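Here is the file work.txt (compact mmCIF, C-alpha atoms).
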# COMPACT_ATOMS: atom_id res chain seq x y z
CA PRO H 359 133.05 53.29 77.04
CA GLU H 360 129.25 53.34 77.42
CA ALA H 361 129.50 55.08 80.78
CA PHE H 362 132.06 57.68 79.69
CA ARG H 363 129.51 60.40 78.95
CA ALA H 364 127.85 60.09 82.36
CA TRP H 365 131.22 59.86 84.11
CA PHE H 366 132.56 62.90 82.28
CA ARG H 367 129.40 64.95 82.90
CA ARG H 368 129.50 64.13 86.61
CA HIS H 369 133.10 65.33 86.88
CA VAL H 370 132.39 68.48 84.89
CA VAL H 371 129.39 69.30 87.08
CA ARG H 372 131.34 68.77 90.30
CA ALA H 373 134.29 70.82 89.05
CA ALA H 374 131.98 73.64 87.96
CA LEU H 375 130.23 73.65 91.32
CA ARG H 376 133.56 73.75 93.19
CA ALA H 377 134.76 76.61 90.98
CA ALA H 378 131.52 78.55 91.44
CA GLU H 379 131.69 78.17 95.21
CA ARG H 380 135.32 79.34 95.26
CA ARG H 381 134.83 82.36 93.03
CA GLY H 382 131.32 83.36 94.03
CA ARG H 383 128.88 84.27 91.33
CA VAL H 384 130.02 83.72 87.77
CA VAL H 385 127.83 84.72 84.87
CA GLU H 386 128.74 83.52 81.42
CA LEU H 387 125.47 84.26 79.71
CA ASP H 388 125.76 86.32 76.55
CA LEU H 389 122.49 88.18 76.45
CA SER H 390 122.44 91.01 73.99
CA THR H 391 119.84 93.72 74.36
CA ALA H 392 120.07 94.41 70.63
CA ALA H 393 117.06 92.63 69.19
CA PRO H 394 115.20 92.77 65.89
CA ASP H 395 112.05 94.89 65.76
CA GLY H 396 109.25 93.46 67.90
CA GLU H 397 111.58 91.38 70.09
CA LEU H 398 112.76 94.03 72.52
CA ASP H 399 110.42 92.84 75.30
CA GLN H 400 111.74 89.29 74.96
CA ALA H 401 115.33 90.51 75.07
CA LEU H 402 114.60 92.54 78.21
CA ASP H 403 112.91 89.53 79.83
CA ARG H 404 115.94 87.35 79.04
CA ARG H 405 118.25 89.94 80.56
CA THR H 406 116.07 90.24 83.66
CA LEU H 407 116.01 86.46 83.95
CA ALA H 408 119.80 86.32 83.65
CA ARG H 409 120.19 88.85 86.47
CA ALA H 410 117.67 86.94 88.59
CA PHE H 411 119.49 83.67 87.87
CA ASP H 412 122.73 85.33 88.98
CA ARG H 413 121.16 86.13 92.36
CA LEU H 414 120.75 82.41 93.11
CA ASP H 415 123.41 80.47 94.94
CA ALA H 416 125.62 78.01 93.05
CA ARG H 417 123.64 74.93 94.07
CA ASP H 418 120.33 76.39 92.86
CA ARG H 419 121.93 77.43 89.55
CA LEU H 420 123.40 73.96 89.14
CA LEU H 421 120.10 72.18 89.76
CA LEU H 422 118.14 74.44 87.43
CA THR H 423 120.80 74.17 84.73
CA LEU H 424 120.91 70.38 84.88
CA HIS H 425 117.16 69.94 84.87
CA HIS H 426 115.89 72.78 82.70
CA PHE H 427 118.79 73.78 80.44
CA TRP H 428 120.32 70.32 79.90
CA ASN H 429 116.83 68.72 80.07
CA LEU H 430 118.03 65.94 82.38
CA PRO H 431 115.27 63.88 83.97
CA ILE H 432 114.95 63.90 87.75
CA ALA H 433 116.49 60.42 88.04
CA GLU H 434 119.56 61.38 86.00
CA THR H 435 119.97 64.66 87.86
CA ALA H 436 119.81 62.77 91.15
CA ALA H 437 122.40 60.26 89.93
CA HIS H 438 124.79 63.04 88.87
CA LEU H 439 124.49 64.80 92.20
CA GLY H 440 124.43 61.64 94.29
CA ILE H 441 121.20 62.56 96.10
CA PRO H 442 117.73 60.95 96.20
CA GLU H 443 115.18 61.80 93.50
CA GLY H 444 112.76 63.24 96.07
CA THR H 445 115.46 65.62 97.25
CA VAL H 446 116.07 66.76 93.67
CA LYS H 447 112.35 67.41 93.18
CA SER H 448 112.04 69.47 96.35
CA ARG H 449 115.25 71.40 95.72
CA ILE H 450 114.15 72.24 92.17
CA HIS H 451 110.78 73.37 93.53
CA TYR H 452 112.39 75.69 96.08
CA ALA H 453 115.03 76.88 93.61
CA MET H 454 112.25 77.85 91.19
CA ASP H 455 110.49 79.73 94.01
CA ARG H 456 113.71 81.64 94.71
CA LEU H 457 114.18 82.32 90.98
CA ARG H 458 110.63 83.68 90.70
CA ALA H 459 111.23 85.95 93.70
CA ALA H 460 114.55 87.14 92.27
CA PHE H 461 112.91 87.78 88.88
CA ALA H 462 110.18 89.85 90.54
CA ALA H 463 112.82 91.82 92.45
CA GLU H 464 114.76 92.45 89.23
CA GLU H 465 111.60 93.67 87.49
CA ARG H 466 111.04 96.18 90.29
CA ARG H 467 114.61 97.46 89.95
With the file now loaded, output its structure as structure tokens.
Amino acid sequence: PEAFRAWFRRHVVRAALRAAERRGRVVELDLSTAAPDGELDQALDRRTLARAFDRLDARDRLLLTLHHFWNLPIAETAAHLGIPEGTVKSRIHYAMDRLRAAFAAEERR
């Protein structure tokens, strides 16, 4: 029972990754451009970030989601993916580089 959450999360992550690789890019972010006064720039940045995030491959999106959105520590992310912690760190680093480049490209669009 204590390990159920980790077990379940691992299976959900693997199933999501398999589905994303089969279907290609899937975006399920609900980013509305309608924002209260003074927040239009933030809404545009969120939308640009969502488009940049969509440009990444499934593995980059998975790593960034686990670490930054779910706030999983490196060790837990590594355990879920079954890879060494050092590999997680380097992959997150390079995924962030690719996200920054994609964001810059989206801003130029």
Å distance separating atom CA of H:Ala460 from atom CA of H:Thr423, one decimal place
16.3 Å
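Shortest separation to H:Met454 among H:Glu379, H:Asp418, H:Asp412, H:Asp403 occurs at residue H:Asp418, atoms counted being only C-alpha atoms.
We find atom CA of H:Arg380 and atom CA of H:Glu464 to be spaced 25.1 Å apart.
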Show me, as a count of residues only, the residues that have an atom within 12 Å of H:Asp455 when counting only C-alpha atoms, minus same-chain residues fewer than 5 positions from it.
11
Excluding H:Val446 and its own-chain neighbours fewer than 5 positions away, which residues fall within 9 Å of it when counting all atoms listed in the file? Please give them as a VMD selection string.
chain H and resid 421 432 to 433 435 to 436 439 441 451
Residues of the last selection are to be written out with C-alpha atoms, as an mmCIF file, in the frame of the given file.
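Produced file again.cif, reproduced below:
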data_model
loop_
_atom_site.group_PDB
_atom_site.id
_atom_site.type_symbol
_atom_site.label_atom_id
_atom_site.label_comp_id
_atom_site.auth_asym_id
_atom_site.auth_seq_id
_atom_site.Cartn_x
_atom_site.Cartn_y
_atom_site.Cartn_z
ATOM 1 C CA LEU H 421 120.100 72.180 89.760
ATOM 2 C CA ILE H 432 114.950 63.900 87.750
ATOM 3 C CA ALA H 433 116.490 60.420 88.040
ATOM 4 C CA THR H 435 119.970 64.660 87.860
ATOM 5 C CA ALA H 436 119.810 62.770 91.150
ATOM 6 C CA LEU H 439 124.490 64.800 92.200
ATOM 7 C CA ILE H 441 121.200 62.560 96.100
ATOM 8 C CA HIS H 451 110.780 73.370 93.530
#
So what do you get for atom CA of H:Gln400 versus atom CA of H:Ala378, distance-wise?
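Computed distance, atom CA of H:Gln400 to atom CA of H:Ala378, equals 27.9 Å.
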Taking only C-alpha atoms into account, which of H:Leu457, H:Arg467, H:Ala361, H:His438 comes nearest H:Ala408?
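Smallest separation from H:Ala408 among the options: H:Leu457.
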Looking at all atoms listed in the file, which of H:Ala401, H:Ala463, H:Ala374, H:Ala437 is the one that sits closest to H:Arg419?
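Ranking H:Ala401, H:Ala463, H:Ala374, H:Ala437 by distance to H:Arg419, first place goes to H:Ala374.
In this comparison, which uses all atoms listed in the file, the residue of H:Lys447, H:Arg367, H:Arg417, H:Arg376 approaching H:Pro431 most closely is H:Lys447.
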Given the block above, output stretch 421-434 of chain H with all heavy atoms as a compact mmCIF listing (two decimals), in the first residue's frame.
# COMPACT_ATOMS: atom_id res chain seq x y z
N LEU H 421 10.23 14.73 -19.25
CA LEU H 421 11.22 15.11 -18.23
C LEU H 421 10.88 16.45 -17.59
O LEU H 421 10.92 16.59 -16.36
CB LEU H 421 12.61 15.20 -18.86
CG LEU H 421 13.47 13.97 -18.81
CD1 LEU H 421 14.74 14.18 -19.62
CD2 LEU H 421 13.80 13.58 -17.40
N LEU H 422 10.58 17.44 -18.42
CA LEU H 422 10.28 18.77 -17.88
C LEU H 422 8.99 18.76 -17.07
O LEU H 422 8.89 19.46 -16.05
CB LEU H 422 10.21 19.79 -19.02
CG LEU H 422 11.53 20.01 -19.76
CD1 LEU H 422 11.34 20.98 -20.92
CD2 LEU H 422 12.62 20.50 -18.81
N THR H 423 8.02 17.97 -17.48
CA THR H 423 6.77 17.88 -16.72
C THR H 423 7.01 17.24 -15.36
O THR H 423 6.54 17.75 -14.33
CB THR H 423 5.71 17.08 -17.50
OG1 THR H 423 5.44 17.78 -18.73
CG2 THR H 423 4.43 16.94 -16.72
N LEU H 424 7.73 16.13 -15.34
CA LEU H 424 8.00 15.45 -14.07
C LEU H 424 8.77 16.35 -13.12
O LEU H 424 8.42 16.47 -11.94
CB LEU H 424 8.79 14.16 -14.30
CG LEU H 424 8.05 13.00 -14.96
CD1 LEU H 424 9.02 11.86 -15.22
CD2 LEU H 424 6.90 12.54 -14.09
N HIS H 425 9.80 16.98 -13.62
CA HIS H 425 10.68 17.74 -12.73
C HIS H 425 10.13 19.13 -12.37
O HIS H 425 10.17 19.53 -11.21
CB HIS H 425 12.07 17.87 -13.35
CG HIS H 425 13.05 18.51 -12.44
ND1 HIS H 425 13.45 17.94 -11.25
CD2 HIS H 425 13.71 19.69 -12.51
CE1 HIS H 425 14.32 18.73 -10.65
NE2 HIS H 425 14.49 19.79 -11.39
N HIS H 426 9.61 19.84 -13.36
CA HIS H 426 9.19 21.23 -13.09
C HIS H 426 7.71 21.36 -12.77
O HIS H 426 7.34 22.17 -11.91
CB HIS H 426 9.56 22.13 -14.27
CG HIS H 426 11.03 22.31 -14.43
ND1 HIS H 426 11.79 23.02 -13.54
CD2 HIS H 426 11.89 21.84 -15.36
CE1 HIS H 426 13.05 23.00 -13.91
NE2 HIS H 426 13.14 22.27 -15.01
N PHE H 427 6.84 20.63 -13.44
CA PHE H 427 5.41 20.77 -13.19
C PHE H 427 4.98 19.96 -11.98
O PHE H 427 4.24 20.43 -11.13
CB PHE H 427 4.61 20.36 -14.43
CG PHE H 427 3.14 20.58 -14.30
CD1 PHE H 427 2.62 21.86 -14.28
CD2 PHE H 427 2.27 19.51 -14.19
CE1 PHE H 427 1.26 22.08 -14.16
CE2 PHE H 427 0.91 19.71 -14.07
CZ PHE H 427 0.40 21.00 -14.06
N TRP H 428 5.45 18.70 -11.90
CA TRP H 428 5.12 17.85 -10.75
C TRP H 428 6.07 18.08 -9.59
O TRP H 428 5.87 17.52 -8.52
CB TRP H 428 5.14 16.38 -11.15
CG TRP H 428 3.97 15.94 -11.97
CD1 TRP H 428 2.99 16.72 -12.51
CD2 TRP H 428 3.67 14.60 -12.33
NE1 TRP H 428 2.10 15.94 -13.20
CE2 TRP H 428 2.48 14.63 -13.10
CE3 TRP H 428 4.27 13.38 -12.08
CZ2 TRP H 428 1.91 13.49 -13.62
CZ3 TRP H 428 3.70 12.24 -12.61
CH2 TRP H 428 2.53 12.30 -13.37
N ASN H 429 7.10 18.88 -9.77
CA ASN H 429 8.10 19.19 -8.74
C ASN H 429 8.76 17.95 -8.15
O ASN H 429 9.02 17.89 -6.95
CB ASN H 429 7.47 20.03 -7.62
CG ASN H 429 7.03 21.39 -8.12
OD1 ASN H 429 7.74 22.04 -8.87
ND2 ASN H 429 5.85 21.80 -7.71
N LEU H 430 9.02 16.95 -8.97
CA LEU H 430 9.70 15.75 -8.49
C LEU H 430 11.19 16.03 -8.39
O LEU H 430 11.77 16.62 -9.30
CB LEU H 430 9.48 14.56 -9.42
CG LEU H 430 8.08 14.00 -9.52
CD1 LEU H 430 8.07 12.77 -10.42
CD2 LEU H 430 7.53 13.63 -8.16
N PRO H 431 11.83 15.59 -7.31
CA PRO H 431 13.28 15.74 -7.22
C PRO H 431 13.97 14.87 -8.27
O PRO H 431 13.37 13.93 -8.82
CB PRO H 431 13.62 15.25 -5.82
CG PRO H 431 12.34 14.90 -5.15
CD PRO H 431 11.24 14.99 -6.14
N ILE H 432 15.22 15.18 -8.53
CA ILE H 432 16.00 14.43 -9.52
C ILE H 432 15.97 12.93 -9.22
O ILE H 432 15.76 12.11 -10.11
CB ILE H 432 17.45 14.94 -9.57
CG1 ILE H 432 17.51 16.41 -10.02
CG2 ILE H 432 18.32 14.06 -10.46
CD1 ILE H 432 17.14 16.64 -11.46
N ALA H 433 16.19 12.57 -7.96
CA ALA H 433 16.25 11.15 -7.58
C ALA H 433 14.93 10.44 -7.89
O ALA H 433 14.92 9.32 -8.41
CB ALA H 433 16.59 11.01 -6.11
N GLU H 434 13.82 11.09 -7.60
CA GLU H 434 12.52 10.47 -7.84
C GLU H 434 12.22 10.40 -9.34
O GLU H 434 11.67 9.41 -9.83
CB GLU H 434 11.42 11.24 -7.11
CG GLU H 434 10.16 10.45 -6.95
CD GLU H 434 9.17 11.14 -6.02
OE1 GLU H 434 9.57 11.97 -5.19
OE2 GLU H 434 7.97 10.82 -6.14
